[in-house]
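Participant: model-v9.txt is reproduced below (compact mmCIF, C-alpha atoms).
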```
# COMPACT_ATOMS: atom_id res chain seq x y z
CA MET Z 67 -23.51 14.19 -11.05
CA VAL Z 68 -22.82 17.72 -12.26
CA ALA Z 69 -19.66 18.00 -14.38
CA VAL Z 70 -16.82 20.01 -12.84
CA SER Z 71 -14.65 21.39 -15.65
CA ILE Z 72 -10.88 21.52 -15.31
CA LYS Z 73 -9.71 25.11 -15.76
CA GLU Z 74 -5.99 25.02 -15.00
CA ILE Z 75 -3.18 22.53 -14.31
CA VAL Z 76 0.16 23.50 -12.78
CA GLY Z 77 3.02 21.13 -11.90
CA ARG Z 78 6.10 21.69 -9.75
CA LEU Z 79 9.05 19.82 -8.31
CA CYS Z 80 8.87 18.69 -4.69
CA PHE Z 81 10.45 16.03 -2.45
CA ASN Z 82 9.14 12.83 -0.86
CA SER Z 83 9.91 11.34 2.56
CA ARG Z 84 13.21 9.86 1.33
CA GLY Z 85 14.32 13.24 0.00
CA GLN Z 86 13.87 12.13 -3.61
CA GLU Z 87 12.59 14.49 -6.28
CA THR Z 88 8.96 13.98 -7.22
CA ILE Z 89 6.11 15.99 -8.71
CA GLU Z 90 3.26 17.96 -7.22
CA VAL Z 91 0.28 19.03 -9.31
CA ASP Z 92 -2.40 21.66 -8.71
CA VAL Z 93 -5.67 21.28 -10.60
CA LYS Z 94 -8.23 24.07 -10.57
CA ALA Z 95 -11.70 22.73 -11.33
CA GLY Z 96 -14.96 24.57 -10.81
CA ASP Z 97 -14.09 27.15 -8.19
CA CYS Z 98 -11.72 24.94 -6.16
CA LEU Z 99 -8.10 23.85 -6.14
CA GLY Z 100 -6.99 20.25 -5.69
CA ARG Z 101 -3.38 19.29 -5.00
CA ALA Z 102 -1.52 15.96 -5.03
CA MET Z 103 2.09 14.78 -4.73
CA ALA Z 104 3.28 11.52 -6.22
CA PRO Z 105 4.92 8.93 -3.93
CA ALA Z 106 7.55 6.35 -4.95
CA GLY Z 107 8.40 2.82 -3.87
CA ALA Z 108 11.75 1.19 -3.07
CA SER Z 109 10.54 -2.38 -3.56
CA VAL Z 110 9.23 -1.75 -7.07
CA GLY Z 111 7.53 -4.40 -9.20
CA ARG Z 112 8.93 -4.82 -12.72
CA PHE Z 113 5.47 -4.49 -14.22
CA GLU Z 114 4.21 -1.34 -12.53
CA ALA Z 115 3.82 2.05 -14.21
CA GLN Z 116 7.09 3.85 -14.97
CA ASN Z 117 7.33 6.69 -12.49
CA PHE Z 118 9.00 9.26 -14.74
CA PRO Z 119 9.96 9.50 -18.41
CA LYS Z 120 13.57 9.51 -19.50
CA GLY Z 121 14.87 12.82 -18.19
CA GLY Z 122 13.17 12.50 -14.81
CA VAL Z 123 11.02 15.02 -12.99
CA ARG Z 124 12.04 18.01 -15.08
CA GLU Z 125 11.16 16.29 -18.34
CA ALA Z 126 7.83 15.22 -16.83
CA LEU Z 127 7.09 18.82 -15.86
CA ARG Z 128 8.06 20.10 -19.31
CA LEU Z 129 5.76 17.60 -20.98
CA LEU Z 130 2.91 18.37 -18.57
CA LYS Z 131 3.12 22.05 -19.43
CA GLU Z 132 3.05 21.13 -23.11
CA TYR Z 133 0.01 18.83 -23.11
CA SER Z 134 -2.04 20.09 -20.13
CA THR Z 135 -4.17 22.26 -22.43
CA ARG Z 136 -5.61 19.01 -23.83
CA LEU Z 137 -7.05 18.26 -20.38
CA ILE Z 138 -8.71 21.66 -19.89
CA GLY Z 139 -12.48 21.35 -19.97
CA LEU Z 140 -12.57 17.68 -18.97
CA ASP Z 141 -14.76 16.63 -16.04
CA ALA Z 142 -12.59 16.46 -12.93
CA SER Z 143 -15.25 14.37 -11.16
CA ASP Z 144 -14.88 11.49 -13.66
CA PRO Z 145 -11.57 9.67 -12.91
CA LYS Z 146 -12.04 7.13 -15.71
CA ALA Z 147 -12.63 9.79 -18.39
CA LEU Z 148 -9.50 11.61 -17.24
CA THR Z 149 -7.57 8.33 -17.33
CA SER Z 150 -8.69 7.75 -20.94
CA ALA Z 151 -7.39 11.20 -21.88
CA LEU Z 152 -4.05 10.60 -20.16
CA ARG Z 153 -3.73 7.21 -21.87
CA ARG Z 154 -4.34 8.80 -25.29
CA ILE Z 155 -1.70 11.45 -24.61
CA ASP Z 156 0.83 8.91 -23.36
CA GLY Z 157 0.27 6.11 -25.87
CA THR Z 158 2.31 3.49 -23.98
CA PRO Z 159 1.15 0.60 -21.75
CA ASN Z 160 3.03 1.84 -18.67
CA TYR Z 161 3.01 5.66 -18.86
CA SER Z 162 6.65 5.67 -19.96
CA LYS Z 163 6.14 8.81 -22.08
CA ILE Z 164 4.54 11.16 -19.54
CA GLY Z 165 5.33 9.24 -16.32
CA GLY Z 166 3.02 7.40 -13.96
CA ALA Z 167 3.79 9.96 -11.25
CA VAL Z 168 2.22 12.68 -13.39
CA ALA Z 169 -0.83 10.53 -14.18
CA TYR Z 170 -1.22 9.88 -10.46
CA ALA Z 171 -0.85 13.50 -9.35
CA VAL Z 172 -3.06 14.97 -12.09
CA SER Z 173 -5.89 12.47 -11.57
CA MET Z 174 -5.78 12.67 -7.78
CA ALA Z 175 -5.63 16.47 -7.70
CA ALA Z 176 -8.53 16.66 -10.16
CA ALA Z 177 -10.67 14.37 -8.01
CA GLU Z 178 -9.87 16.43 -4.91
CA ALA Z 179 -10.80 19.68 -6.68
CA ALA Z 180 -14.10 18.20 -7.87
CA ALA Z 181 -14.92 16.89 -4.39
CA LEU Z 182 -14.24 20.30 -2.85
CA HIS Z 183 -16.34 22.05 -5.50
CA LEU Z 184 -19.26 19.65 -4.97
CA LYS Z 185 -18.81 19.82 -1.18
CA LYS Z 186 -18.41 16.06 -0.94
CA PRO Z 187 -15.76 14.00 0.82
CA LEU Z 188 -13.37 12.48 -1.71
CA TYR Z 189 -14.44 8.91 -0.89
CA SER Z 190 -18.06 9.81 -1.69
CA LEU Z 191 -17.15 11.43 -5.01
CA ILE Z 192 -15.27 8.28 -6.06
CA SER Z 193 -17.90 5.78 -4.90
CA PRO Z 194 -21.18 7.57 -4.16
CA LYS Z 195 -23.18 4.34 -3.73
CA VAL Z 196 -20.78 2.51 -1.40
CA GLU Z 197 -21.65 2.37 2.30
CA PRO Z 198 -18.49 3.81 3.87
CA LYS Z 199 -16.67 1.49 6.26
CA LEU Z 200 -13.27 2.10 7.77
CA PRO Z 201 -10.35 -0.18 6.94
CA PHE Z 202 -8.23 -1.73 9.65
CA PRO Z 203 -4.78 -0.10 9.90
CA LEU Z 204 -2.02 -2.52 8.95
CA GLY Z 205 1.19 -1.10 10.44
CA ASN Z 206 4.83 -1.93 9.76
CA PHE Z 207 6.65 -1.93 13.11
CA ILE Z 208 9.85 -3.95 12.46
CA GLY Z 209 11.45 -3.41 9.07
CA GLY Z 210 14.12 -4.96 6.92
CA GLY Z 211 14.94 -5.61 3.29
CA LYS Z 212 15.02 -2.56 1.01
CA HIS Z 213 13.30 -0.42 3.65
CA ALA Z 214 16.13 -0.69 6.19
CA GLY Z 215 19.93 -0.87 6.30
CA PRO Z 216 22.54 -3.63 6.58
CA GLY Z 217 22.05 -5.86 9.60
CA ALA Z 218 18.26 -5.60 9.56
CA PRO Z 219 16.19 -8.70 8.70
CA ASP Z 220 15.94 -9.94 5.12
CA ILE Z 221 12.16 -10.00 5.52
CA GLN Z 222 10.91 -6.55 4.61
CA GLU Z 223 8.03 -5.88 6.99
CA LEU Z 224 6.50 -7.26 10.16
CA LEU Z 225 2.97 -5.93 10.39
CA ALA Z 226 0.40 -5.45 13.14
CA CYS Z 227 -3.35 -5.40 12.55
CA PRO Z 228 -5.72 -4.67 15.49
CA VAL Z 229 -8.44 -7.05 14.29
CA GLY Z 230 -10.39 -6.86 17.56
CA ALA Z 231 -10.90 -3.09 17.46
CA LYS Z 232 -14.47 -1.81 17.18
CA ARG Z 233 -13.52 1.85 16.65
CA ILE Z 234 -10.90 3.41 14.39
CA GLU Z 235 -9.45 5.47 17.25
CA ASP Z 236 -8.83 2.31 19.29
CA ALA Z 237 -7.31 0.56 16.27
CA LEU Z 238 -4.81 3.36 15.68
CA ARG Z 239 -3.86 3.50 19.34
CA ALA Z 240 -3.32 -0.28 19.40
CA ASN Z 241 -0.72 -0.14 16.63
CA ILE Z 242 1.11 2.67 18.42
CA VAL Z 243 1.31 0.42 21.49
CA VAL Z 244 2.72 -2.41 19.34
CA HIS Z 245 5.37 -0.05 17.98
CA SER Z 246 6.34 0.97 21.51
CA GLU Z 247 6.38 -2.61 22.81
CA ALA Z 248 8.64 -3.67 19.95
CA ARG Z 249 11.23 -1.05 20.89
CA ARG Z 250 11.08 -2.12 24.54
CA LEU Z 251 11.75 -5.74 23.58
CA ILE Z 252 14.56 -4.84 21.18
CA GLU Z 253 16.25 -2.72 23.86
CA LYS Z 254 15.85 -5.54 26.40
CA ASN Z 255 18.26 -7.65 24.33
CA GLN Z 256 20.21 -4.78 22.74
CA PRO Z 257 20.68 -2.04 25.38
CA LEU Z 258 22.66 0.11 22.93
CA PHE Z 259 19.91 0.11 20.28
CA ALA Z 260 19.84 3.70 19.03
CA GLY Z 261 16.24 3.67 17.82
CA GLY Z 262 17.02 3.55 14.13
CA LYS Z 263 14.06 3.42 11.77
CA GLY Z 264 13.57 2.40 8.17
CA ASP Z 265 11.82 4.26 5.38
CA GLU Z 266 8.35 3.65 6.80
CA GLY Z 267 9.01 4.40 10.46
CA ALA Z 268 9.48 0.77 11.53
CA TRP Z 269 12.35 -0.19 13.83
CA ALA Z 270 15.47 -1.15 11.87
CA ALA Z 271 17.28 -3.35 14.37
CA ASN Z 272 20.16 -5.81 14.11
CA LEU Z 273 17.95 -8.89 14.12
CA GLY Z 274 17.92 -12.16 12.25
CA ASN Z 275 14.74 -13.12 10.43
CA GLU Z 276 13.31 -15.56 12.98
CA GLU Z 277 14.60 -13.44 15.87
CA ALA Z 278 12.66 -10.49 14.43
CA LEU Z 279 9.55 -12.64 14.13
CA MET Z 280 9.86 -13.74 17.76
CA VAL Z 281 10.19 -10.13 18.94
CA ALA Z 282 7.23 -9.13 16.74
CA ALA Z 283 5.03 -11.93 18.05
CA GLU Z 284 5.85 -11.01 21.66
CA ALA Z 285 5.18 -7.31 20.96
CA VAL Z 286 1.77 -8.08 19.46
CA THR Z 287 0.84 -10.32 22.41
CA ALA Z 288 1.97 -7.72 24.97
CA ALA Z 289 0.09 -4.94 23.17
CA SER Z 290 -3.06 -7.08 22.93
CA ASP Z 291 -2.94 -7.64 26.69
CA LYS Z 292 -2.49 -3.91 27.34
CA ILE Z 293 -5.13 -2.67 24.93
CA GLY Z 294 -7.72 -5.34 25.73
CA PHE Z 295 -8.45 -6.80 22.31
CA ARG Z 296 -6.78 -9.02 19.74
CA ILE Z 297 -3.99 -7.83 17.46
CA ARG Z 298 -2.72 -10.14 14.70
CA LEU Z 299 0.69 -10.43 13.07
CA GLY Z 300 1.40 -10.33 9.34
CA VAL Z 301 4.50 -10.43 7.13
CA ASP Z 302 5.52 -8.79 3.87
CA PHE Z 303 8.33 -10.99 2.58
CA ALA Z 304 8.97 -8.83 -0.52
CA ALA Z 305 10.26 -12.10 -1.95
CA THR Z 306 11.15 -10.63 -5.35
CA SER Z 307 14.02 -8.83 -3.61
CA LEU Z 308 15.20 -12.22 -2.23
CA TRP Z 309 14.87 -14.08 -5.54
CA ASN Z 310 18.03 -14.95 -7.47
CA GLU Z 311 16.68 -15.72 -10.92
CA LYS Z 312 19.98 -17.06 -12.23
CA GLU Z 313 20.25 -19.68 -9.47
CA GLY Z 314 16.50 -20.19 -9.08
CA VAL Z 315 16.61 -19.73 -5.29
CA TYR Z 316 15.52 -17.31 -2.58
CA VAL Z 317 18.59 -15.92 -0.81
CA TYR Z 318 18.36 -15.07 2.92
CA ALA Z 319 21.69 -13.36 3.54
CA ARG Z 320 21.16 -12.91 7.30
CA SER Z 321 20.75 -16.64 7.89
CA ALA Z 322 23.01 -17.72 5.02
CA LYS Z 323 20.20 -19.77 3.50
CA LYS Z 324 19.21 -20.44 -0.09
CA LEU Z 325 15.77 -21.90 -0.60
CA SER Z 326 14.33 -23.49 -3.71
CA PRO Z 327 10.75 -22.46 -4.62
CA GLU Z 328 9.45 -25.64 -2.97
CA GLU Z 329 11.49 -24.93 0.17
CA GLN Z 330 10.29 -21.31 0.21
CA ILE Z 331 6.67 -22.46 0.10
CA GLN Z 332 7.34 -24.85 2.99
CA PHE Z 333 9.23 -22.15 4.93
CA VAL Z 334 6.37 -19.64 4.58
CA ALA Z 335 3.77 -22.25 5.59
CA GLU Z 336 5.83 -23.19 8.66
CA LEU Z 337 6.23 -19.53 9.71
CA LYS Z 338 2.50 -19.03 9.27
CA ASP Z 339 1.75 -21.85 11.72
CA ARG Z 340 4.54 -21.10 14.15
CA PHE Z 341 3.76 -17.38 14.53
CA ASP Z 342 0.00 -17.50 13.89
CA LEU Z 343 0.27 -15.25 10.83
CA PHE Z 344 -2.97 -14.21 9.14
CA TYR Z 345 -1.44 -12.07 6.36
CA LEU Z 346 1.29 -13.20 3.93
CA GLU Z 347 2.29 -10.56 1.38
CA ASP Z 348 4.55 -11.34 -1.58
CA PRO Z 349 5.76 -14.65 -0.10
CA LEU Z 350 7.06 -15.59 -3.58
CA HIS Z 351 8.57 -13.64 -6.46
CA GLU Z 352 6.71 -11.47 -8.96
CA ASP Z 353 6.32 -14.10 -11.70
CA ALA Z 354 5.48 -17.06 -9.47
CA PHE Z 355 1.75 -17.32 -10.23
CA GLU Z 356 1.79 -21.13 -10.03
CA ASP Z 357 3.86 -21.19 -6.84
CA PHE Z 358 1.40 -18.77 -5.22
CA TYR Z 359 -1.31 -21.32 -6.01
CA GLU Z 360 0.76 -24.14 -4.49
CA LEU Z 361 1.17 -22.09 -1.31
CA SER Z 362 -2.56 -21.37 -1.20
CA LYS Z 363 -3.22 -25.12 -1.19
CA SER Z 364 -1.10 -25.53 1.97
CA VAL Z 365 -2.36 -22.39 3.76
CA LYS Z 366 -6.13 -22.27 4.08
CA ASP Z 367 -6.80 -19.72 6.79
CA ALA Z 368 -4.68 -16.70 5.87
CA LEU Z 369 -4.60 -13.95 3.29
CA ILE Z 370 -2.05 -14.64 0.55
CA VAL Z 371 -1.53 -11.19 -0.89
CA GLY Z 372 -0.04 -10.11 -4.21
CA ASP Z 373 1.83 -6.82 -4.46
CA ASP Z 374 4.78 -7.19 -6.85
CA LEU Z 375 2.84 -10.11 -8.34
CA LEU Z 376 -0.07 -7.85 -9.34
CA VAL Z 377 1.25 -4.25 -9.23
CA THR Z 378 -2.33 -2.88 -9.29
CA ASN Z 379 -2.49 -4.01 -12.93
CA THR Z 380 -5.78 -5.40 -14.21
CA SER Z 381 -4.21 -7.80 -16.71
CA ARG Z 382 -1.89 -9.20 -14.02
CA LEU Z 383 -4.89 -9.66 -11.74
CA GLN Z 384 -6.74 -11.51 -14.51
CA THR Z 385 -3.80 -13.91 -14.78
CA ALA Z 386 -3.79 -14.43 -11.01
CA LEU Z 387 -7.53 -15.10 -11.04
CA SER Z 388 -7.20 -17.69 -13.81
CA LYS Z 389 -4.45 -19.48 -11.87
CA ARG Z 390 -6.09 -18.99 -8.43
CA SER Z 391 -2.83 -17.52 -7.17
CA CYS Z 392 -3.99 -15.35 -4.26
CA ASN Z 393 -6.97 -14.22 -2.24
CA GLY Z 394 -5.67 -10.75 -1.40
CA ALA Z 395 -4.26 -7.81 -3.34
CA ILE Z 396 -2.41 -4.61 -2.60
CA LEU Z 397 -3.92 -1.47 -4.13
CA LYS Z 398 -1.31 1.22 -4.84
CA VAL Z 399 -2.71 3.93 -7.09
CA ASN Z 400 0.67 5.02 -8.40
CA GLN Z 401 1.56 1.45 -9.38
CA ALA Z 402 -1.30 1.60 -11.87
CA GLY Z 403 -0.58 5.21 -12.79
CA SER Z 404 -3.85 7.13 -12.61
CA LEU Z 405 -6.76 6.97 -10.20
CA GLY Z 406 -9.03 5.60 -12.93
CA ASP Z 407 -6.62 2.71 -13.63
CA ALA Z 408 -6.55 1.82 -9.94
CA LEU Z 409 -10.34 1.91 -9.64
CA GLU Z 410 -10.69 -0.56 -12.53
CA PHE Z 411 -8.31 -2.90 -10.70
CA ALA Z 412 -10.27 -2.52 -7.46
CA GLU Z 413 -13.57 -3.27 -9.20
CA LEU Z 414 -12.22 -6.47 -10.74
CA ALA Z 415 -10.74 -7.59 -7.42
CA THR Z 416 -13.97 -6.93 -5.51
CA ALA Z 417 -16.07 -8.71 -8.13
CA ASN Z 418 -13.91 -11.81 -7.59
CA ASN Z 419 -13.82 -11.69 -3.76
CA ILE Z 420 -10.17 -10.63 -3.63
CA VAL Z 421 -9.52 -8.83 -0.33
CA LEU Z 422 -8.08 -5.36 -0.96
CA THR Z 423 -5.47 -3.56 1.13
CA THR Z 424 -4.85 0.03 0.06
CA SER Z 425 -1.19 0.89 0.59
CA HIS Z 426 1.26 3.76 0.92
CA ARG Z 427 4.75 3.71 -0.62
CA SER Z 428 8.07 3.75 1.21
CA GLY Z 429 8.93 7.13 -0.34
CA ASP Z 430 5.67 8.84 0.53
CA THR Z 431 4.28 12.34 1.03
CA THR Z 432 2.05 14.04 3.59
CA ASP Z 433 -0.96 13.64 1.28
CA SER Z 434 -3.83 11.70 2.82
CA HIS Z 435 -5.76 10.77 -0.34
CA ILE Z 436 -5.25 7.02 0.06
CA SER Z 437 -7.39 7.05 3.20
CA HIS Z 438 -10.31 8.05 0.97
CA ILE Z 439 -9.27 5.50 -1.68
CA ALA Z 440 -9.39 2.76 0.96
CA VAL Z 441 -12.91 3.72 2.04
CA ALA Z 442 -14.15 4.24 -1.54
CA THR Z 443 -12.90 0.84 -2.75
CA GLY Z 444 -14.14 -1.10 0.27
CA SER Z 445 -10.57 -2.05 1.22
CA LYS Z 446 -10.49 -4.22 4.34
CA MET Z 447 -7.14 -2.78 5.44
CA ILE Z 448 -4.99 0.26 4.85
CA LYS Z 449 -1.22 -0.12 5.02
CA THR Z 450 0.36 3.14 6.12
CA GLY Z 451 3.08 2.52 8.64
CA ILE Z 452 2.53 3.54 12.26
CA MET Z 453 4.87 6.44 13.01
CA GLY Z 454 6.25 9.34 11.00
CA GLY Z 455 4.53 12.48 9.70
CA GLU Z 456 3.77 11.19 6.20
CA ARG Z 457 2.38 7.95 7.74
CA VAL Z 458 0.33 9.56 10.51
CA ALA Z 459 -1.21 11.97 7.96
CA LYS Z 460 -3.16 9.05 6.48
CA LEU Z 461 -4.20 7.72 9.90
CA ASN Z 462 -5.42 11.11 11.13
CA GLU Z 463 -7.47 11.44 7.93
CA LEU Z 464 -9.29 8.23 8.90
CA LEU Z 465 -10.33 9.98 12.12
CA ARG Z 466 -11.67 12.91 10.09
CA ILE Z 467 -13.55 10.54 7.78
CA ASN Z 468 -15.06 8.84 10.83
CA GLU Z 469 -16.12 12.24 12.16
CA ARG Z 470 -17.77 13.10 8.83
CA ILE Z 471 -19.66 9.80 8.74
CA SER Z 472 -20.73 10.24 12.37
CA LEU Z 473 -22.16 13.70 11.65
CA GLU Z 474 -24.06 12.43 8.61
CA SER Z 475 -25.36 9.16 10.07
CA GLY Z 476 -25.53 9.84 13.79
CA SER Z 477 -23.11 7.04 14.70
CA GLU Z 478 -19.46 6.17 14.19
CA ALA Z 479 -18.45 4.37 11.02
CA SER Z 480 -18.34 0.59 11.18
CA MET Z 481 -15.02 -1.15 10.75
CA ALA Z 482 -14.62 -3.37 7.70
CA SER Z 483 -15.25 -7.11 8.00
CA LEU Z 484 -11.95 -9.01 7.89
CA PRO Z 485 -11.61 -12.69 6.98
CA TYR Z 486 -9.35 -15.19 8.77
CA VAL Z 487 -9.30 -13.32 12.08
```
Starting from the file, give its structure as structure tokens.
Facilitator:
Amino acid sequence: MVAVSIKEIVGRLCFNSRGQETIEVDVKAGDCLGRAMAPAGASVGRFEAQNFPKGGVREALRLLKEYSTRLIGLDASDPKALTSALRRIDGTPNYSKIGGAVAYAVSMAAAEAAALHLKKPLYSLISPKVEPKLPFPLGNFIGGGKHAGPGAPDIQELLACPVGAKRIEDALRANIVVHSEARRLIEKNQPLFAGGKGDEGAWAANLGNEEALMVAAEAVTAASDKIGFRIRLGVDFAATSLWNEKEGVYVYARSAKKLSPEEQIQFVAELKDRFDLFYLEDPLHEDAFEDFYELSKSVKDALIVGDDLLVTNTSRLQTALSKRSCNGAILKVNQAGSLGDALEFAELATANNIVLTTSHRSGDTTDSHISHIAVATGSKMIKTGIMGGERVAKLNELLRINERISLESGSEASMASLPYV
């Protein structure tokens, strides 16, 4: 591939979907401009890249202006080479000097500029030899935990995945129907429900944990009947946010329950059977590698997915592989820091048959780059939310990617092949 030299890098302050300060970076490479904004999570793993250095966004921008000349002339089309340069500049294991947000925005903007210059779609620049397939949308439609307010469920996300869809357009429409059905069912029991939503556009209703699961299961069934193909239900427990390390228990405030690790494993397995769950994300806390393995022994036909457990960190994934902790992983580029870091994680996961789900963050932006990341890494699903401008931006980009593939191949892109469905 022809090298595309970086000519200029400019950073600025901007705001994410929660109104928090973040950073946007423009990279001029070749004769094109790439632009990327860094997202931020609310449920943040202890081991993920540090978003900003001490001093916040303004210090990150000051440092970027100071060292950006050291990136001029590098090949914007080579994410791993750019990552190596950023790592040398930073000199810490978690980007605490320059900030993971900067590493993310610089590397993503550079890749976009190179793709534009070479007249390639971003997914093709990243993985030119991969046959592009579209991931299934995994949409949060009832929210709780750190993504919602008091009174919402302790469980962070109830997720719909239209596993029976043959076309991306039908898959996206199916999740919208689930979202609508969930509101109808909430209002049936709570006529004064005001339509409140959490950070990711999911309904934030005054529901207990099992009550929320019952509403979610009914919404998925009703939507499946309407749309004419199967939709499955998944859960993101975000169990690190429930874990009380001092007491050694998982605390469910809504139901006034405290569960030991053994009881939590049993509880998750029971919910899986009762609600026919195929996707279990972060069912245990971020250091519970052995407990993840114990759960995997009791649950044989579902994805057990590490997010806070793995934080898109290759060394954490190697530990999980050695302990056989999970069969699925969340891929969040900004957890790793740069695009190159995330691609190394994705390669290791794929080589070991770990099912990837590329994911947004709760404090996100209108950027749609992760749609290309999902296709480039062969992710089976993409977690984006269902409603809200910054969420829909990613979903609409999947339609554009499908259009591009259709023009080049003469037929619509195939959907990814999902296990346990």
Participant: When you look at Asp141 of chain Z with a cut-off of 8 Å (counting only C-alpha atoms), what residues show up, excluding the ones that are within fewer than 3 positions of it in the same chain? I need them as a PDB file with C-alpha atoms, in the coordinates of the input.
Facilitator:
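And here's out-v2.pdb as it stands now:
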```
ATOM      1  CA  ALA Z  69     -19.660  18.000 -14.380  1.00  0.00           C
ATOM      2  CA  VAL Z  70     -16.820  20.010 -12.840  1.00  0.00           C
ATOM      3  CA  SER Z  71     -14.650  21.390 -15.650  1.00  0.00           C
ATOM      4  CA  ILE Z  72     -10.880  21.520 -15.310  1.00  0.00           C
ATOM      5  CA  ASP Z 144     -14.880  11.490 -13.660  1.00  0.00           C
ATOM      6  CA  ALA Z 147     -12.630   9.790 -18.390  1.00  0.00           C
ATOM      7  CA  LEU Z 148      -9.500  11.610 -17.240  1.00  0.00           C
TER       8      LEU Z 148
END
```
Participant: How close does each residue of segment 116-210 of chain Z get to segment 276-293 of chain Z, giving the shortest atom pair and distance in Å to one decimal for every residue with an atom at most 9 Å away, counting all atoms listed in the file, sorted by chain and residue number, as JSON lines?
Facilitator:
```
{"residue": "Z:Phe207", "atom": "CA", "partner": "Z:Ala282", "partner_atom": "CA", "distance": 8.1}
{"residue": "Z:Ile208", "atom": "CA", "partner": "Z:Ala282", "partner_atom": "CA", "distance": 7.2}
{"residue": "Z:Gly209", "atom": "CA", "partner": "Z:Ala278", "partner_atom": "CA", "distance": 9.0}
```
Participant: Measuring atom to atom with all atoms listed in the file, identify which of Z:Val196, Z:Ile234, Z:Leu337, Z:Leu461 is nearest to Leu299 of chain Z.
Facilitator: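 Using all atoms listed in the file, the shortest distance to Leu299 of chain Z belongs to Z:Leu337.
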Participant: Please, which residues in segment 239-260 of chain Z fall within 8 Å of segment 430-454 of chain Z when counting all atoms listed in the file, and what is the closest atom pair and distance in Å to one decimal for each, ordered by chain then residue number, as a tab-separated table?
Facilitator:
```
residue	atom	partner	partner_atom	distance
Z:Asn241	CA	Z:Ile452	CA	6.6
Z:Ile242	CA	Z:Ile452	CA	6.4
Z:His245	CA	Z:Ile452	CA	7.3
```
Participant: Which value, in Å to one decimal, gives the distance between atom CA of Leu376 of chain Z and atom CA of Phe81 of chain Z?
Facilitator: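 If I compute the distance from atom CA of Leu376 of chain Z to atom CA of Phe81 of chain Z, I get 27.0 Å.
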Participant: Excluding same-chain residues fewer than 6 positions from Leu184 of chain Z, what lies within 9 Å of it counting all atoms listed in the file, as a PyMOL selection string?
Facilitator: chain Z and resi 68+70+96+191
Participant: Around (0.4, -11.8, 0.9) in the file's frame, which residues reach within 10 Å when counting only C-alpha atoms? Return as a ChimeraX atom specification?
Facilitator: /Z:300-304,344-350,358,368-373,375,392-396
Participant: Out of Z:Ala218, Z:Ala108, Z:Leu204, Z:Ile297, which residue has the shortest atom-to-atom distance to Gly274 of chain Z when counting only C-alpha atoms?
Facilitator: Z:Ala218
Participant: Using only C-alpha atoms, find the one residue out of Z:Ile331, Z:Ala240, Z:Leu473, Z:Ala305 that sits nearest to Glu223 of chain Z.
Facilitator: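 Distance minimum relative to Glu223 of chain Z lands on Z:Ala305.
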Participant: What does the structure give for the distance between atom CA of Asp265 of chain Z and atom CA of Gly429 of chain Z, in Å to one decimal?
Facilitator: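 Interatomic distance, atom CA of Asp265 of chain Z to atom CA of Gly429 of chain Z: 7.0 Å.
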Participant: Skip Asp97 of chain Z itself and residues of its chain fewer than 5 positions away, then list as a ChimeraX atom specification all residues within 12 Å of it, counting all atoms listed in the file.
Facilitator: /Z:70-74,142,178-185
Participant: So that each row is one residue of segment 146-243 of chain Z with an atom at most 12 Å from segment 126-131 of chain Z, can you give its shortest atom pair and the distance in Å to one decimal, using only C-alpha atoms, rows by chain and rising number, as CSV?
Facilitator:
```
residue,atom,partner,partner_atom,distance
Z:Leu152,CA,Z:Leu130,CA,10.6
Z:Ile155,CA,Z:Leu130,CA,10.3
Z:Asp156,CA,Z:Leu129,CA,10.3
Z:Tyr161,CA,Z:Ala126,CA,10.9
Z:Ser162,CA,Z:Ala126,CA,10.1
Z:Lys163,CA,Z:Ala126,CA,8.5
Z:Ile164,CA,Z:Ala126,CA,5.9
Z:Gly165,CA,Z:Ala126,CA,6.5
Z:Gly166,CA,Z:Ala126,CA,9.6
Z:Ala167,CA,Z:Ala126,CA,8.7
Z:Val168,CA,Z:Ala126,CA,7.1
Z:Ala169,CA,Z:Leu130,CA,9.7
Z:Ala171,CA,Z:Leu130,CA,11.1
Z:Val172,CA,Z:Leu130,CA,9.4
```
Participant: As JSON, please: the centre and edge lengths in Å, to one decimal, of an axis-aligned box enclosing every listed atom of segment 296-306 of chain Z with 6 Å added on each side.
Facilitator:
```
{"center_x": 2.2, "center_y": -10.0, "center_z": 7.2, "size_x": 29.9, "size_y": 16.3, "size_z": 37.1}
```
Participant: May I ask which of the residues Z:Glu125, Z:Glu87, Z:Glu235, Z:Glu266 is the closest one to Arg457 of chain Z, counting all atoms listed in the file?
Facilitator: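 Of Z:Glu125, Z:Glu87, Z:Glu235, Z:Glu266, the one nearest Arg457 of chain Z, counting all atoms listed in the file, is Z:Glu266.
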Participant: For atom CA of Ile467 of chain Z and atom CA of Ala268 of chain Z, determine how far apart the two atoms are, in Å to one decimal place.
Facilitator: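 Computing the Euclidean distance for atom CA of Ile467 of chain Z and atom CA of Ala268 of chain Z yields 25.3 Å.
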Participant: Restricting the calculation to only C-alpha atoms, which member of Z:Thr424, Z:Asn310, Z:Gln330, Z:Gln86 is positioned closest to Leu409 of chain Z?
Facilitator: Z:Thr424
Participant: Quick one: of Z:Pro145, Z:Ser483, Z:Ala175, Z:Thr306, who's nearest to Glu90 of chain Z, counting all atoms listed in the file?
Facilitator: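 Smallest separation from Glu90 of chain Z among the options: Z:Ala175.
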